[in-house]
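Asker: Can you read through this structure? Questions will come right after.
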Amino acid sequence: MSNKKLHFGIIGAGRIGRVHAETLAFRLPESQIVTITDVNREAAQSLAAHCGIPKIAESSEEVIADPQVEAVLICSPTDTHTDLIVEAAKAGKHIFCEKPIAQSLAKIDAALAAVKAAGVQLQIGFNRRFDANFARVRKAVASGEIGAPTLMHIISRDPGPPPISYIKVSGGMFMDMTIHDFDMARFLIGDEVEEIYTTGGVMVDPEIGKAGDIDTALIVMRFRNGVIGTIDNCRKAVYGYDQRVEILGSKGKIETGNCYPNQAVVSGEKSVYQDLPLNFFMDRYTESFAAELKSFTHAVIENQLTPVTGIDGRIPVVMALAARKSYDEHRPVRLDEVNA
Ligand SMILES: NC(=O)c1ccc[n+]([C@@H]2O[C@H](COP(=O)([O-])OP(=O)(O)OC[C@H]3O[C@@H](n4cnc5c(N)ncnc54)[C@H](O)[C@@H]3O)[C@@H](O)[C@H]2O)c1
């Protein structure tokens with residue numbers, strides 16, 4: 001590793017923009033934030049003051065055109081991602097883009113073509129791969145420690161649903177929430193899913209149904225190598241963020257539980273209990289957000305392939321489209337049916 005610093009421009013100063021800006025500013029000495037923009041200028045100003053960012057740009061175009069900016073961090077809403085990727089790639093800037101790349105495969109393909117033509121690096125924000133628990137599960141599968149995997153269960157439940165306004169533009173639960181679990185499924189097994197069957201419903205809030213989405217689902221995946229996997233999703237778990245995995249293999253199993261703010265266990269006359277799990281992604285996955293940006297920064301500085309590439313961003317979108325089609329049509333859907 002050289003002493004070089006990677007100079008970033010940030011687009012979007014909302015929830016995830018803040019998480020990433022804090023990593024770059026306070027935890028990653030190999031990086032420097034040059035400029036930031038947000039259509040809500042106050043959001044950009046407040047984050048710039050918090051993180052010591054010297055410039056506030058008037059627009060994403062200004063961030064991308066800034067000669068000091070070597071890498072663009074796209075943290076704006078999903079429907080802005082592909083245009084920004086194309087513009088940044090044309091300007092020769094490396095790109096870290098939040099998930100999902102887009103909801104349309106045609107737009108994703110155009111963006112990935114622009115990245116390829118420009119020869120810049122692209123990493124997609126599938127941060128859970130960098131979580132220590134899930135990385136250990138992957139290691140157990142990849143090394144053969146649990147033998148050949150046969151069954152995988154991913155439990156991924158949020159503590160509560162996002163606002164209806166967010167649901168309406170999010171692309172739906174599969175595209176917005178399950179997308180992380182689709183990425184996790186192919187990451188952990190190290191193979192591709194061929195077929196998906198989904199059942200689900202609206203069990204948390206009827207308003208979510210009125211917005212055209214569901215809030216609860218069970219997804220069954222069949223991989224090319226024969227592994228069968230499930231994803232169990234719900235927008236609401238009253239006890240907090242429920243993020244667990246279990247994989248059964250021919251030589252054993254590996255499982256990971258939830259993460260807690262402390263290890264204390266209280267024993268009383270009638271029960272033994274502990275505090276609730278860490279409440280949501282900003283607490284549960286803090287370290288993984290920092291690790292993903294570190295890996296991107298090092299990949300760019302050392303001119304290595306990023307660990308979560310454009311195609312890794314595309315395949316979970318295909319899986320999300322298949323999951324929705326399966327739910328709508330009440331039948332198993334092969335990925336090649338939606339992968340046009
Ligand atoms: N990896 C994860 O776990 C994770 C978590 C949360 C969000 N995300 C993704 O990050 C993206 C942003 O989500 P969020 O929750 O931070 O949303 P948010 O609404 O909190 O923040 C988005 C910000 O972008 C700004 N913005 C909108 N259009 C813009 C534009 N054209 N140029 C510049 N700024 C613009 C908004 O004013 C807002 O401040 C989404 O794609 C979402 O899927 C990923």
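Order determines the names: the first chain of the structure tokens is A, the second B, and so forth; residues in each chain are numbered 1 upward, and ligands are numbered 1 upward as they are shown.
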Please return, as a PyMOL selection string, all residues of region 63-253 of chain A that DSSP assigns to strand (DSSP E or B) on the basis of the backbone.

Answerer: chain A and resi 71-74+94-97+122-124+149-157+193-201+216-223+228-234+242-249+252-253

Asker: What lies within 10 Å of Val39 (chain A) using only C-alpha atoms, ignoring chain neighbours under 2 positions off, as an mmCIF file with N, CA and C atoms, in the first residue's frame?

Answerer:
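What landed in around05.cif:
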data_model
loop_
_atom_site.group_PDB
_atom_site.id
_atom_site.type_symbol
_atom_site.label_atom_id
_atom_site.label_comp_id
_atom_site.auth_asym_id
_atom_site.auth_seq_id
_atom_site.Cartn_x
_atom_site.Cartn_y
_atom_site.Cartn_z
ATOM 1 N N ILE A 11 -22.126 12.402 -3.506
ATOM 2 C CA ILE A 11 -23.426 12.866 -4.019
ATOM 3 C C ILE A 11 -24.520 12.253 -3.132
ATOM 4 N N GLY A 12 -25.188 13.096 -2.372
ATOM 5 C CA GLY A 12 -26.246 12.618 -1.471
ATOM 6 C C GLY A 12 -25.786 12.633 -0.021
ATOM 7 N N ALA A 13 -26.441 13.452 0.787
ATOM 8 C CA ALA A 13 -26.058 13.597 2.194
ATOM 9 C C ALA A 13 -27.193 13.153 3.106
ATOM 10 N N THR A 37 -22.342 17.177 -2.463
ATOM 11 C CA THR A 37 -23.540 17.895 -2.919
ATOM 12 C C THR A 37 -24.788 17.143 -2.489
ATOM 13 N N ARG A 41 -29.567 21.544 0.024
ATOM 14 C CA ARG A 41 -28.263 22.144 0.346
ATOM 15 C C ARG A 41 -27.968 22.133 1.846
ATOM 16 N N GLU A 42 -29.025 22.264 2.640
ATOM 17 C CA GLU A 42 -28.811 22.261 4.099
ATOM 18 C C GLU A 42 -28.250 20.927 4.575
ATOM 19 N N ALA A 43 -28.730 19.840 3.957
ATOM 20 C CA ALA A 43 -28.212 18.508 4.334
ATOM 21 C C ALA A 43 -26.725 18.416 4.010
ATOM 22 N N ALA A 44 -26.341 18.929 2.841
ATOM 23 C CA ALA A 44 -24.923 18.903 2.450
ATOM 24 C C ALA A 44 -24.108 19.781 3.391
ATOM 25 N N ALA A 57 -20.697 21.509 -3.399
ATOM 26 C CA ALA A 57 -20.943 21.735 -4.825
ATOM 27 C C ALA A 57 -22.423 22.015 -5.049
ATOM 28 N N GLU A 58 -22.715 22.765 -6.116
ATOM 29 C CA GLU A 58 -24.103 23.121 -6.429
ATOM 30 C C GLU A 58 -24.862 21.945 -7.039
ATOM 31 N N SER A 59 -24.123 21.002 -7.637
ATOM 32 C CA SER A 59 -24.809 19.915 -8.352
ATOM 33 C C SER A 59 -23.899 18.696 -8.441
ATOM 34 N N SER A 60 -24.522 17.568 -8.827
ATOM 35 C CA SER A 60 -23.724 16.345 -9.035
ATOM 36 C C SER A 60 -22.753 16.549 -10.199
ATOM 37 N N SER A 76 -27.231 9.018 -3.417
ATOM 38 C CA SER A 76 -28.538 9.625 -3.685
ATOM 39 C C SER A 76 -29.543 8.493 -3.956
#

Asker: Determine, counting only C-alpha atoms, which protein, DNA and RNA residues have an atom within 8 Å of an atom of Phe174 (chain A); residues of the same chain fewer than 6 positions away are not included. Present the result as a list in words.

Answerer: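 Contacts, in chain order: Ala320, Leu321, Ala323 and Arg324 of chain A.
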
Asker: For the residues in the current selection, export C-alpha atoms as a PDB file, in the first residue's frame.

Answerer:
ATOM      1  CA  ALA A 320     -35.612  -9.421  -7.243  1.00  0.00           C
ATOM      2  CA  LEU A 321     -37.483  -9.329 -10.576  1.00  0.00           C
ATOM      3  CA  ALA A 323     -39.101 -13.023  -6.876  1.00  0.00           C
ATOM      4  CA  ARG A 324     -41.767 -10.453  -7.737  1.00  0.00           C
TER       5      ARG A 324
END

Asker: From a backbone DSSP assignment, name each residue in region 32-121 of chain A labelled helix (DSSP H, G or I), as a PyMOL selection string.

Answerer: chain A and resi 41-51+60-65+78-90+105-118

Asker: How would the residues just chosen look if you wrote them out with N, CA and C atoms as a compact mmCIF listing (two decimals), in the first residue's frame?

Answerer:
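File produced: result-v7.txt:
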# COMPACT_ATOMS: atom_id res chain seq x y z
N ARG A 41 -29.57 21.54 0.02
CA ARG A 41 -28.26 22.14 0.35
C ARG A 41 -27.97 22.13 1.85
N GLU A 42 -29.03 22.26 2.64
CA GLU A 42 -28.81 22.26 4.10
C GLU A 42 -28.25 20.93 4.58
N ALA A 43 -28.73 19.84 3.96
CA ALA A 43 -28.21 18.51 4.33
C ALA A 43 -26.72 18.42 4.01
N ALA A 44 -26.34 18.93 2.84
CA ALA A 44 -24.92 18.90 2.45
C ALA A 44 -24.11 19.78 3.39
N GLN A 45 -24.65 20.95 3.71
CA GLN A 45 -23.92 21.88 4.59
C GLN A 45 -23.70 21.27 5.97
N SER A 46 -24.75 20.66 6.50
CA SER A 46 -24.63 20.11 7.85
C SER A 46 -23.63 18.96 7.89
N LEU A 47 -23.66 18.10 6.86
CA LEU A 47 -22.72 16.97 6.84
C LEU A 47 -21.29 17.47 6.58
N ALA A 48 -21.18 18.49 5.74
CA ALA A 48 -19.84 19.06 5.46
C ALA A 48 -19.25 19.64 6.75
N ALA A 49 -20.08 20.32 7.53
CA ALA A 49 -19.58 20.91 8.78
C ALA A 49 -19.16 19.79 9.73
N HIS A 50 -19.97 18.75 9.81
CA HIS A 50 -19.70 17.63 10.73
C HIS A 50 -18.41 16.90 10.37
N CYS A 51 -18.17 16.75 9.06
CA CYS A 51 -17.04 15.92 8.60
C CYS A 51 -15.85 16.75 8.09
N SER A 60 -24.52 17.57 -8.83
CA SER A 60 -23.72 16.35 -9.03
C SER A 60 -22.75 16.55 -10.20
N GLU A 61 -23.17 17.33 -11.21
CA GLU A 61 -22.29 17.61 -12.35
C GLU A 61 -21.00 18.28 -11.86
N GLU A 62 -21.16 19.22 -10.92
CA GLU A 62 -20.00 19.94 -10.41
C GLU A 62 -19.07 19.00 -9.63
N VAL A 63 -19.65 18.07 -8.88
CA VAL A 63 -18.82 17.09 -8.15
C VAL A 63 -18.03 16.26 -9.14
N ILE A 64 -18.73 15.75 -10.16
CA ILE A 64 -18.09 14.84 -11.12
C ILE A 64 -17.00 15.57 -11.92
N ALA A 65 -17.26 16.84 -12.24
CA ALA A 65 -16.30 17.60 -13.06
C ALA A 65 -15.12 18.11 -12.23
N THR A 78 -32.13 5.70 -5.46
CA THR A 78 -31.84 4.68 -6.47
C THR A 78 -32.11 5.17 -7.90
N ASP A 79 -33.19 5.96 -8.10
CA ASP A 79 -33.52 6.35 -9.47
C ASP A 79 -32.51 7.34 -10.08
N THR A 80 -31.55 7.80 -9.30
CA THR A 80 -30.51 8.69 -9.84
C THR A 80 -29.23 7.93 -10.19
N HIS A 81 -29.12 6.67 -9.75
CA HIS A 81 -27.81 5.98 -9.79
C HIS A 81 -27.22 5.82 -11.20
N THR A 82 -28.04 5.31 -12.14
CA THR A 82 -27.41 4.95 -13.43
C THR A 82 -26.95 6.18 -14.20
N ASP A 83 -27.72 7.25 -14.17
CA ASP A 83 -27.27 8.47 -14.88
C ASP A 83 -25.96 8.96 -14.28
N LEU A 84 -25.88 8.91 -12.95
CA LEU A 84 -24.66 9.39 -12.29
C LEU A 84 -23.47 8.48 -12.59
N ILE A 85 -23.73 7.17 -12.65
CA ILE A 85 -22.63 6.23 -12.99
C ILE A 85 -22.10 6.55 -14.39
N VAL A 86 -23.03 6.74 -15.32
CA VAL A 86 -22.62 7.02 -16.72
C VAL A 86 -21.80 8.31 -16.78
N GLU A 87 -22.30 9.35 -16.12
CA GLU A 87 -21.58 10.64 -16.15
C GLU A 87 -20.21 10.52 -15.50
N ALA A 88 -20.16 9.85 -14.36
CA ALA A 88 -18.88 9.73 -13.64
C ALA A 88 -17.89 8.90 -14.47
N ALA A 89 -18.39 7.83 -15.08
CA ALA A 89 -17.50 6.98 -15.88
C ALA A 89 -16.95 7.77 -17.06
N LYS A 90 -17.82 8.53 -17.72
CA LYS A 90 -17.36 9.33 -18.88
C LYS A 90 -16.30 10.34 -18.46
N LEU A 105 -33.04 -3.54 -15.79
CA LEU A 105 -31.81 -4.18 -16.28
C LEU A 105 -31.23 -3.41 -17.46
N ALA A 106 -32.10 -2.81 -18.29
CA ALA A 106 -31.59 -2.04 -19.44
C ALA A 106 -30.74 -0.87 -18.95
N LYS A 107 -31.21 -0.19 -17.91
CA LYS A 107 -30.43 0.94 -17.37
C LYS A 107 -29.13 0.45 -16.75
N ILE A 108 -29.20 -0.67 -16.06
CA ILE A 108 -27.98 -1.22 -15.44
C ILE A 108 -26.97 -1.57 -16.52
N ASP A 109 -27.46 -2.20 -17.58
CA ASP A 109 -26.54 -2.62 -18.64
C ASP A 109 -25.87 -1.41 -19.30
N ALA A 110 -26.64 -0.35 -19.49
CA ALA A 110 -26.05 0.87 -20.09
C ALA A 110 -24.98 1.44 -19.15
N ALA A 111 -25.26 1.43 -17.85
CA ALA A 111 -24.29 1.98 -16.88
C ALA A 111 -23.03 1.11 -16.85
N LEU A 112 -23.22 -0.21 -16.85
CA LEU A 112 -22.04 -1.10 -16.78
C LEU A 112 -21.21 -0.99 -18.06
N ALA A 113 -21.90 -0.76 -19.19
CA ALA A 113 -21.17 -0.59 -20.46
C ALA A 113 -20.31 0.68 -20.39
N ALA A 114 -20.87 1.74 -19.80
CA ALA A 114 -20.12 3.00 -19.69
C ALA A 114 -18.90 2.81 -18.79
N VAL A 115 -19.07 2.05 -17.72
CA VAL A 115 -17.95 1.78 -16.79
C VAL A 115 -16.86 1.00 -17.52
N LYS A 116 -17.29 0.00 -18.27
CA LYS A 116 -16.32 -0.84 -19.00
C LYS A 116 -15.57 0.00 -20.03
N ALA A 117 -16.32 0.81 -20.78
CA ALA A 117 -15.70 1.62 -21.84
C ALA A 117 -14.68 2.59 -21.26
N ALA A 118 -14.97 3.12 -20.06
CA ALA A 118 -14.08 4.11 -19.45
C ALA A 118 -12.92 3.45 -18.72

Asker: At a cut-off of 9 Å, using only C-alpha atoms, what residues contact Asp242 (chain A)? Leave out same-chain residues fewer than 6 positions from it and give the result as a PyMOL selection string.

Answerer: chain A and resi 155-159+257-259+277-280

Asker: Counting only C-alpha atoms, which residues of region 127-218 of chain A sit at most 9 Å from some atom of region 92-100 of chain A, and what is each one's closest atom pair with its distance in Å to one decimal, listed by chain and rising residue number, as a Markdown table?

Answerer:
| residue | atom | partner | partner_atom | distance |
| --- | --- | --- | --- | --- |
| A:Met175 | CA | A:Pro100 | CA | 7.1 |
| A:Asp176 | CA | A:Pro100 | CA | 7.1 |
| A:Ile179 | CA | A:Pro100 | CA | 7.3 |
| A:His180 | CA | A:Lys99 | CA | 8.3 |

Asker: Write the residues of the preceding selection, restricted to N, CA and C atoms, as a tab-separated table (two decimals), in the first residue's frame.

Answerer:
chain	number	residue	atom	x	y	z
A	175	MET	N	-36.71	-5.40	-4.14
A	175	MET	CA	-35.68	-4.57	-4.78
A	175	MET	C	-34.91	-3.75	-3.74
A	176	ASP	N	-35.58	-3.43	-2.65
A	176	ASP	CA	-34.98	-2.49	-1.68
A	176	ASP	C	-34.36	-3.22	-0.49
A	179	ILE	N	-32.89	-7.36	-1.59
A	179	ILE	CA	-31.73	-7.28	-2.49
A	179	ILE	C	-30.44	-7.63	-1.74
A	180	HIS	N	-30.33	-7.21	-0.47
A	180	HIS	CA	-29.15	-7.55	0.34
A	180	HIS	C	-29.09	-9.08	0.56

Asker: Find, counting only C-alpha atoms and all ligand atoms, the residue in A:Ile53, A:Met173, A:Ile214, A:Val69 that gets nearest to ligand 1.

Answerer: A:Met173

Asker: Would you pick out the contacts of Arg136 (chain A) at 12 Å or less, using only C-alpha atoms, so that residues sharing its chain but fewer than 6 positions from it are not included, and give the list as a list in words?

Answerer: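 Near neighbours after the sequence-gap exclusion: Arg128, Arg129, Phe130, Ala142, Ser143, Glu145, Ile146, Phe187, Leu188, Val245, Glu246, Ile247, Ile254, Glu255 and Thr256 of chain A.
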
Asker: Write to file, as a short mmCIF file (atom, residue, chain, number, x, y, z; two decimals), in the first residue's frame, the residues of the selection just made, with N, CA and C atoms.

Answerer:
data_model
loop_
_atom_site.label_atom_id
_atom_site.label_comp_id
_atom_site.auth_asym_id
_atom_site.auth_seq_id
_atom_site.Cartn_x
_atom_site.Cartn_y
_atom_site.Cartn_z
N ARG A 128 -22.97 -6.11 3.52
CA ARG A 128 -23.05 -7.25 4.45
C ARG A 128 -21.96 -8.29 4.20
N ARG A 129 -21.42 -8.30 2.96
CA ARG A 129 -20.32 -9.22 2.68
C ARG A 129 -19.13 -8.95 3.59
N PHE A 130 -19.05 -7.71 4.11
CA PHE A 130 -17.89 -7.30 4.91
C PHE A 130 -18.16 -7.45 6.41
N ALA A 142 -16.49 -21.89 1.66
CA ALA A 142 -15.44 -21.88 0.62
C ALA A 142 -14.32 -22.84 0.95
N SER A 143 -13.99 -22.99 2.24
CA SER A 143 -12.86 -23.85 2.62
C SER A 143 -13.25 -25.31 2.73
N GLU A 145 -15.00 -26.45 5.18
CA GLU A 145 -15.06 -26.75 6.63
C GLU A 145 -16.36 -27.47 7.02
N ILE A 146 -17.47 -27.13 6.38
CA ILE A 146 -18.74 -27.82 6.68
C ILE A 146 -19.11 -28.78 5.54
N PHE A 187 -23.29 -14.84 -2.45
CA PHE A 187 -21.98 -14.68 -1.83
C PHE A 187 -21.66 -15.88 -0.93
N LEU A 188 -22.60 -16.28 -0.09
CA LEU A 188 -22.32 -17.35 0.87
C LEU A 188 -22.13 -18.70 0.18
N VAL A 245 -28.20 -16.37 9.85
CA VAL A 245 -27.95 -17.28 8.73
C VAL A 245 -27.60 -18.65 9.29
N GLU A 246 -28.06 -19.68 8.59
CA GLU A 246 -27.59 -21.04 8.91
C GLU A 246 -27.36 -21.78 7.61
N ILE A 247 -26.23 -22.48 7.53
CA ILE A 247 -25.98 -23.33 6.35
C ILE A 247 -25.65 -24.72 6.84
N ILE A 254 -23.00 -24.31 9.94
CA ILE A 254 -22.51 -23.06 10.55
C ILE A 254 -23.69 -22.12 10.67
N GLU A 255 -23.76 -21.41 11.77
CA GLU A 255 -24.85 -20.46 11.94
C GLU A 255 -24.34 -19.20 12.61
N THR A 256 -25.00 -18.07 12.33
CA THR A 256 -24.67 -16.83 13.02
C THR A 256 -25.96 -16.23 13.57
#

Asker: So, counting only C-alpha atoms, which residue among A:Asp213, A:Glu70, A:Asp181, A:Asp283 is closest to Tyr327 (chain A)?

Answerer: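 Of A:Asp213, A:Glu70, A:Asp181, A:Asp283, the one nearest Tyr327 (chain A) is A:Asp213, counting only C-alpha atoms.
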
Asker: Between A:Leu293, A:Ala135, A:Val141, A:Leu218, which one has atoms that come closest to ligand 1, using only C-alpha atoms and all ligand atoms?

Answerer: A:Leu293

Asker: Which one of A:Phe182, A:Tyr166, A:Tyr239, A:Tyr273 sits closest to ligand 1 if you count only C-alpha atoms and all ligand atoms?

Answerer: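 Smallest separation from ligand 1 among the options: A:Tyr166.
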
Asker: Given the choices A:Ile124, A:Ile164, A:Ala217, A:Ala148, which gets closest to Ser326 (chain A) if the distance is worked out from only C-alpha atoms?

Answerer: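 Smallest distance to Ser326 (chain A) is found for A:Ala217.
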
Asker: Between A:Glu302, A:Asp205, A:Asp131, A:Asp275, which one has atoms that come closest to ligand 1, using only C-alpha atoms and all ligand atoms?

Answerer: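 Checking each candidate against ligand 1, we get A:Asp131 as the closest.
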
Asker: For Ala25 (chain A), list every protein, DNA or RNA residue within 8 Å, evaluated using only C-alpha atoms, and leave out those in the same chain fewer than 6 positions away; present the list as a list in words.

Answerer: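 Neighbouring residues, sequence-local ones excluded: Ser31, Gln32, Ile33, Cys51 and Gly52 of chain A.
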
Asker: Do you have the CA of Leu248 (chain A)-CA of Ser288 (chain A) distance handy?

Answerer: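 Interatomic distance here is 24.6 Å.
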
Asker: Can you pull out every residue within 12 Å of Gln123 (chain A), counting only C-alpha atoms, but drop anything in the same chain fewer than 2 positions away, and send it as an NGL selection string?

Answerer: :A and (71-74 or 85 or 94-101 or 112 or 115 or 120-121 or 125-127 or 292-300 or 304-314)

Asker: Would you save the residues of that selection, restricted to C-alpha atoms, as a short mmCIF file (atom, residue, chain, number, x, y, z; two decimals), in the first residue's frame?

Answerer:
data_model
loop_
_atom_site.label_atom_id
_atom_site.label_comp_id
_atom_site.auth_asym_id
_atom_site.auth_seq_id
_atom_site.Cartn_x
_atom_site.Cartn_y
_atom_site.Cartn_z
CA ALA A 71 -13.75 8.73 -6.97
CA VAL A 72 -17.45 9.52 -6.77
CA LEU A 73 -19.55 8.12 -3.93
CA ILE A 74 -23.18 7.86 -5.06
CA ILE A 85 -22.63 6.23 -12.99
CA HIS A 94 -13.94 5.65 -10.11
CA ILE A 95 -17.34 4.92 -8.62
CA PHE A 96 -18.78 3.55 -5.40
CA CYS A 97 -22.55 3.32 -5.83
CA GLU A 98 -25.16 2.36 -3.29
CA LYS A 99 -27.46 -0.59 -3.90
CA PRO A 100 -29.47 -1.30 -5.95
CA ILE A 101 -27.82 0.05 -9.11
CA LEU A 112 -22.04 -1.10 -16.78
CA VAL A 115 -17.95 1.78 -16.79
CA VAL A 120 -12.86 2.85 -14.26
CA GLN A 121 -13.51 0.87 -11.10
CA GLY A 125 -22.74 -1.13 -1.72
CA PHE A 126 -23.44 -4.68 -0.65
CA ASN A 127 -21.89 -4.04 2.75
CA GLU A 292 -16.46 -1.91 2.33
CA LEU A 293 -15.17 1.63 1.77
CA LYS A 294 -11.71 0.59 2.90
CA SER A 295 -11.70 -2.26 0.41
CA PHE A 296 -12.90 0.05 -2.39
CA THR A 297 -10.24 2.65 -1.57
CA HIS A 298 -7.48 0.05 -1.52
CA ALA A 299 -8.71 -1.59 -4.72
CA VAL A 300 -8.58 1.75 -6.55
CA GLN A 304 -7.12 -4.22 -8.23
CA LEU A 305 -10.63 -5.39 -9.09
CA THR A 306 -13.16 -4.21 -6.49
CA PRO A 307 -14.67 -7.00 -4.34
CA VAL A 308 -18.30 -6.24 -5.35
CA THR A 309 -18.38 -5.51 -9.06
CA GLY A 310 -21.06 -4.25 -11.44
CA ILE A 311 -22.22 -7.77 -12.27
CA ASP A 312 -22.55 -8.44 -8.53
CA GLY A 313 -24.85 -5.44 -8.52
CA ARG A 314 -26.86 -6.68 -11.50
#
